[in-house]
file model_16.csv (CSV, C-alpha atoms and all ligand atoms)
chain,number,residue,atom,x,y,z
A,1,MET,CA,-9.5,-76.5,177.9
A,2,LYS,CA,-11.9,-74.5,180.1
A,3,GLU,CA,-10.0,-71.3,179.4
A,4,ILE,CA,-10.4,-71.8,175.7
A,5,ILE,CA,-14.1,-72.5,176.0
A,6,ASP,CA,-14.5,-69.4,178.2
A,7,LYS,CA,-12.7,-67.3,175.6
A,8,MET,CA,-14.9,-68.7,172.8
A,9,ASN,CA,-18.0,-67.9,174.8
A,10,ALA,CA,-16.8,-64.4,175.5
A,11,ILE,CA,-16.1,-63.9,171.8
A,12,GLU,CA,-19.6,-65.2,170.9
A,13,LEU,CA,-21.2,-62.9,173.4
A,14,GLN,CA,-19.2,-59.9,172.0
A,15,THR,CA,-20.2,-60.9,168.4
A,16,ARG,CA,-23.9,-61.0,169.4
A,17,GLU,CA,-23.6,-57.6,171.0
A,18,LEU,CA,-21.9,-56.1,168.0
A,19,LEU,CA,-24.5,-57.6,165.7
A,20,GLU,CA,-27.3,-56.1,167.8
A,21,LYS,CA,-25.5,-52.7,167.8
A,22,ALA,CA,-25.0,-52.9,164.0
A,23,GLN,CA,-28.7,-53.6,163.6
A,24,MET,CA,-29.6,-50.7,165.8
A,25,LEU,CA,-27.3,-48.4,163.8
A,26,GLU,CA,-28.8,-49.7,160.6
A,27,ASN,CA,-32.3,-48.9,161.8
A,28,GLN,CA,-31.2,-45.4,162.9
A,29,LYS,CA,-29.7,-44.8,159.5
A,30,ASN,CA,-32.9,-45.9,157.8
A,31,LEU,CA,-34.9,-43.6,160.0
A,32,MET,CA,-32.6,-40.7,159.3
A,33,SER,CA,-32.9,-41.4,155.6
A,34,THR,CA,-36.7,-41.5,155.6
A,35,LEU,CA,-36.8,-38.4,157.8
A,36,MET,CA,-34.6,-36.6,155.2
A,37,GLU,CA,-37.2,-37.5,152.6
A,38,CYS,CA,-40.0,-36.3,154.8
A,39,SER,CA,-38.2,-33.0,155.4
A,40,GLU,CA,-38.2,-32.5,151.7
A,41,PHE,CA,-41.7,-33.8,150.7
A,42,ASP,CA,-43.5,-33.5,154.1
A,43,HIS,CA,-44.8,-36.5,156.0
A,44,THR,CA,-47.2,-38.8,154.3
A,45,TRP,CA,-49.9,-38.8,156.9
A,46,VAL,CA,-52.5,-41.6,157.1
A,47,ILE,CA,-55.3,-41.5,159.6
A,48,GLY,CA,-55.1,-44.3,162.2
A,49,ASN,CA,-57.5,-44.7,165.1
A,50,ILE,CA,-60.3,-42.2,165.7
A,51,THR,CA,-62.3,-42.0,168.9
A,52,SER,CA,-65.7,-40.4,168.6
A,53,THR,CA,-69.3,-40.4,169.6
A,54,LEU,CA,-72.1,-40.1,166.9
A,55,THR,CA,-71.8,-36.3,167.1
A,56,GLU,CA,-68.1,-35.4,167.9
A,57,ILE,CA,-64.5,-36.6,167.7
A,58,HIS,CA,-62.4,-36.8,170.8
A,59,GLN,CA,-59.1,-38.3,169.4
A,60,ILE,CA,-57.4,-38.6,166.1
A,61,ASP,CA,-54.2,-40.6,165.6
A,62,VAL,CA,-52.1,-40.2,162.5
A,63,PHE,CA,-48.9,-41.9,161.3
A,64,CYS,CA,-46.5,-41.3,158.4
A,65,THR,CA,-46.2,-44.2,156.0
A,66,ARG,CA,-42.7,-43.1,155.0
A,67,CYS,CA,-40.8,-42.6,158.3
A,68,GLY,CA,-43.2,-44.2,160.8
A,69,SER,CA,-43.7,-41.0,162.9
A,70,THR,CA,-46.9,-40.8,164.8
A,71,ALA,CA,-49.0,-38.0,166.2
A,72,SER,CA,-52.1,-37.9,168.2
A,73,HIS,CA,-54.7,-35.1,168.9
A,74,VAL,CA,-56.5,-35.8,172.1
A,75,VAL,CA,-59.3,-33.6,173.3
A,76,HIS,CA,-59.5,-33.6,177.1
A,77,ARG,CA,-62.3,-31.0,177.5
A,78,LYS,CA,-65.7,-31.5,176.0
A,79,GLU,CA,-65.9,-27.9,174.7
A,80,TYR,CA,-62.8,-28.6,172.4
A,81,ALA,CA,-64.3,-31.8,170.8
A,82,ILE,CA,-64.4,-31.6,167.0
A,83,PRO,CA,-68.0,-31.4,165.9
A,84,ILE,CA,-69.2,-33.8,163.2
A,85,TYR,CA,-71.3,-32.3,160.4
A,86,SER,CA,-73.9,-34.0,158.1
A,87,GLY,CA,-73.5,-34.0,154.4
A,88,THR,CA,-75.6,-30.9,154.3
A,89,GLU,CA,-73.3,-29.2,156.8
A,90,GLU,CA,-75.5,-29.2,159.8
A,91,PRO,CA,-73.9,-30.2,163.1
A,92,LEU,CA,-75.1,-33.7,164.0
A,93,SER,CA,-75.5,-32.6,167.6
A,94,THR,CA,-78.4,-30.3,166.5
A,95,LEU,CA,-79.9,-33.0,164.3
A,96,VAL,CA,-79.8,-35.8,166.8
A,97,GLY,CA,-79.2,-34.0,170.1
A,98,GLU,CA,-76.2,-34.2,172.5
A,99,GLU,CA,-75.1,-37.6,173.5
A,100,GLU,CA,-74.0,-38.5,176.9
A,201,ZN,ZN,-42.6,-39.0,157.7
call {"tool": "encode", "arguments": {"input": "model_16.csv", "output": "structure tokens", "more": "lines below"}}
Ligand SMILES: [Zn+2]
result
Amino acid sequence: MKEIIDKMNAIELQTRELLEKAQMLENQKNLMSTLMECSEFDHTWVIGNITSTLTEIHQIDVFCTRCGSTASHVVHRKEYAIPIYSGTEEPLSTLVGEEE
């Protein structure tokens, strides 16, 4: 009896592992399918989080709504920060002064 139960448990375990593997392969297939679309139509970027002060941007995160890819531009040095301009195209840093 114990041998039969052990075999049943082993089969159940193997079934679970195969289902997990099948799900993983299905996810990979979906990713490849959406990547193929993005290779044809380009990614559909949406802006995610932005880290900034009043006068400059230090980080921009984007993600693709089709394939789920992400990209992040992080500025590590102050001189490479992206300046923010007013509606009249003046740098905010000259309007309000440098922040720190
Ligand atoms: Zn994409």
call {"tool": "residues_near_ligand", "arguments": {"input": "model_16.csv", "ligand": "ligand ZN 201 (chain A)", "cutoff": "10 Å", "atoms": "all atoms listed in the file", "output": "count of residues only"}}
result
21
call {"tool": "atom_distance", "arguments": {"input": "model_16.csv", "atom1": "atom CA of Ile60 of chain A", "atom2": "atom CA of His76 of chain A"}}
result
12.3 Å
call {"tool": "closest_residue", "arguments": {"input": "model_16.csv", "among": "A:Ile82, A:Met24, A:Val96, A:Leu19", "to": "Ile50 of chain A", "atoms": "all atoms listed in the file"}}
result
A:Ile82
call {"tool": "atom_distance", "arguments": {"input": "model_16.csv", "atom1": "atom CA of Lys21 of chain A", "atom2": "atom CA of Ile4 of chain A"}}
result
25.6 Å
call {"tool": "atom_distance", "arguments": {"input": "model_16.csv", "atom1": "atom CA of His58 of chain A", "atom2": "atom CA of Glu79 of chain A"}}
result
10.3 Å
call {"tool": "closest_residue", "arguments": {"input": "model_16.csv", "among": "A:Glu90, A:Val62, A:Asn30, A:Ile57", "to": "Arg77 of chain A", "atoms": "all atoms listed in the file"}}
result
A:Ile57
call {"tool": "residues_around", "arguments": {"input": "model_16.csv", "residues": "Gly97 of chain A", "least_positions_apart": "4", "cutoff": "9 Å", "atoms": "all atoms listed in the file", "output": "VMD selection string"}}
result
chain A and resid 55 92 to 93
call {"tool": "closest_residue", "arguments": {"input": "model_16.csv", "among": "A:Thr94, A:Asn49, A:Asn9, A:Gln23", "to": "Ser72 of chain A", "atoms": "all atoms listed in the file"}}
result
A:Asn49
call {"tool": "residues_around", "arguments": {"input": "model_16.csv", "residues": "Glu56 of chain A", "least_positions_apart": "5", "cutoff": "7 Å", "atoms": "all atoms listed in the file", "output": "JSON, numbers by chain"}}
result
{"A": [81, 82, 83, 84]}
call {"tool": "build_atoms", "arguments": {"input": "model_16.csv", "residues": "segment 24-53 of chain A", "atoms": "N, CA and C atoms", "output": "short mmCIF file (atom, residue, chain, number, x, y, z; two decimals), keeping the file's coordinate frame"}}
result
data_model
loop_
_atom_site.label_atom_id
_atom_site.label_comp_id
_atom_site.auth_asym_id
_atom_site.auth_seq_id
_atom_site.Cartn_x
_atom_site.Cartn_y
_atom_site.Cartn_z
N MET A 24 -29.04 -51.92 165.27
CA MET A 24 -29.60 -50.70 165.80
C MET A 24 -29.13 -49.48 164.98
N LEU A 25 -27.86 -49.47 164.64
CA LEU A 25 -27.30 -48.40 163.80
C LEU A 25 -27.94 -48.35 162.44
N GLU A 26 -28.14 -49.55 161.88
CA GLU A 26 -28.80 -49.70 160.60
C GLU A 26 -30.19 -49.10 160.61
N ASN A 27 -30.94 -49.44 161.68
CA ASN A 27 -32.30 -48.90 161.80
C ASN A 27 -32.30 -47.40 161.96
N GLN A 28 -31.33 -46.88 162.74
CA GLN A 28 -31.20 -45.40 162.90
C GLN A 28 -30.91 -44.75 161.58
N LYS A 29 -30.03 -45.39 160.81
CA LYS A 29 -29.70 -44.80 159.50
C LYS A 29 -30.88 -44.79 158.59
N ASN A 30 -31.66 -45.88 158.59
CA ASN A 30 -32.90 -45.90 157.80
C ASN A 30 -33.87 -44.84 158.20
N LEU A 31 -34.00 -44.65 159.53
CA LEU A 31 -34.90 -43.60 160.00
C LEU A 31 -34.46 -42.25 159.55
N MET A 32 -33.16 -41.95 159.69
CA MET A 32 -32.60 -40.70 159.30
C MET A 32 -32.86 -40.44 157.77
N SER A 33 -32.69 -41.51 157.02
CA SER A 33 -32.90 -41.40 155.60
C SER A 33 -34.32 -41.09 155.23
N THR A 34 -35.27 -41.76 155.90
CA THR A 34 -36.70 -41.50 155.60
C THR A 34 -37.07 -40.10 156.15
N LEU A 35 -36.46 -39.69 157.30
CA LEU A 35 -36.80 -38.40 157.80
C LEU A 35 -36.27 -37.27 156.87
N MET A 36 -35.15 -37.54 156.21
CA MET A 36 -34.60 -36.60 155.20
C MET A 36 -35.62 -36.44 154.08
N GLU A 37 -36.19 -37.57 153.64
CA GLU A 37 -37.20 -37.50 152.60
C GLU A 37 -38.43 -36.74 153.06
N CYS A 38 -38.86 -37.00 154.31
CA CYS A 38 -40.00 -36.30 154.80
C CYS A 38 -39.77 -34.81 155.00
N SER A 39 -38.52 -34.43 155.31
CA SER A 39 -38.20 -33.00 155.40
C SER A 39 -38.32 -32.32 154.07
N GLU A 40 -38.10 -33.08 153.03
CA GLU A 40 -38.20 -32.50 151.70
C GLU A 40 -39.63 -32.54 151.15
N PHE A 41 -40.32 -33.66 151.35
CA PHE A 41 -41.70 -33.80 150.70
C PHE A 41 -42.81 -33.74 151.73
N ASP A 42 -42.50 -33.49 153.00
CA ASP A 42 -43.50 -33.50 154.10
C ASP A 42 -43.88 -34.93 154.42
N HIS A 43 -44.37 -35.14 155.62
CA HIS A 43 -44.80 -36.50 156.00
C HIS A 43 -45.97 -36.94 155.13
N THR A 44 -46.09 -38.24 154.98
CA THR A 44 -47.20 -38.80 154.30
C THR A 44 -48.19 -39.37 155.30
N TRP A 45 -49.06 -38.47 155.78
CA TRP A 45 -49.90 -38.80 156.90
C TRP A 45 -51.09 -39.74 156.46
N VAL A 46 -51.34 -40.72 157.30
CA VAL A 46 -52.50 -41.60 157.10
C VAL A 46 -53.22 -41.60 158.48
N ILE A 47 -54.53 -41.53 158.41
CA ILE A 47 -55.30 -41.50 159.60
C ILE A 47 -55.36 -42.91 160.25
N GLY A 48 -55.05 -43.00 161.52
CA GLY A 48 -55.10 -44.30 162.20
C GLY A 48 -56.41 -44.37 162.99
N ASN A 49 -56.33 -44.52 164.28
CA ASN A 49 -57.50 -44.70 165.10
C ASN A 49 -58.22 -43.34 165.34
N ILE A 50 -59.53 -43.36 165.33
CA ILE A 50 -60.30 -42.20 165.70
C ILE A 50 -61.31 -42.59 166.77
N THR A 51 -61.34 -41.78 167.84
CA THR A 51 -62.30 -42.00 168.90
C THR A 51 -63.38 -40.97 168.83
N SER A 52 -64.63 -41.39 168.72
CA SER A 52 -65.70 -40.40 168.60
C SER A 52 -67.00 -40.95 169.14
N THR A 53 -67.92 -40.02 169.33
CA THR A 53 -69.30 -40.40 169.60
C THR A 53 -70.01 -40.22 168.21
#
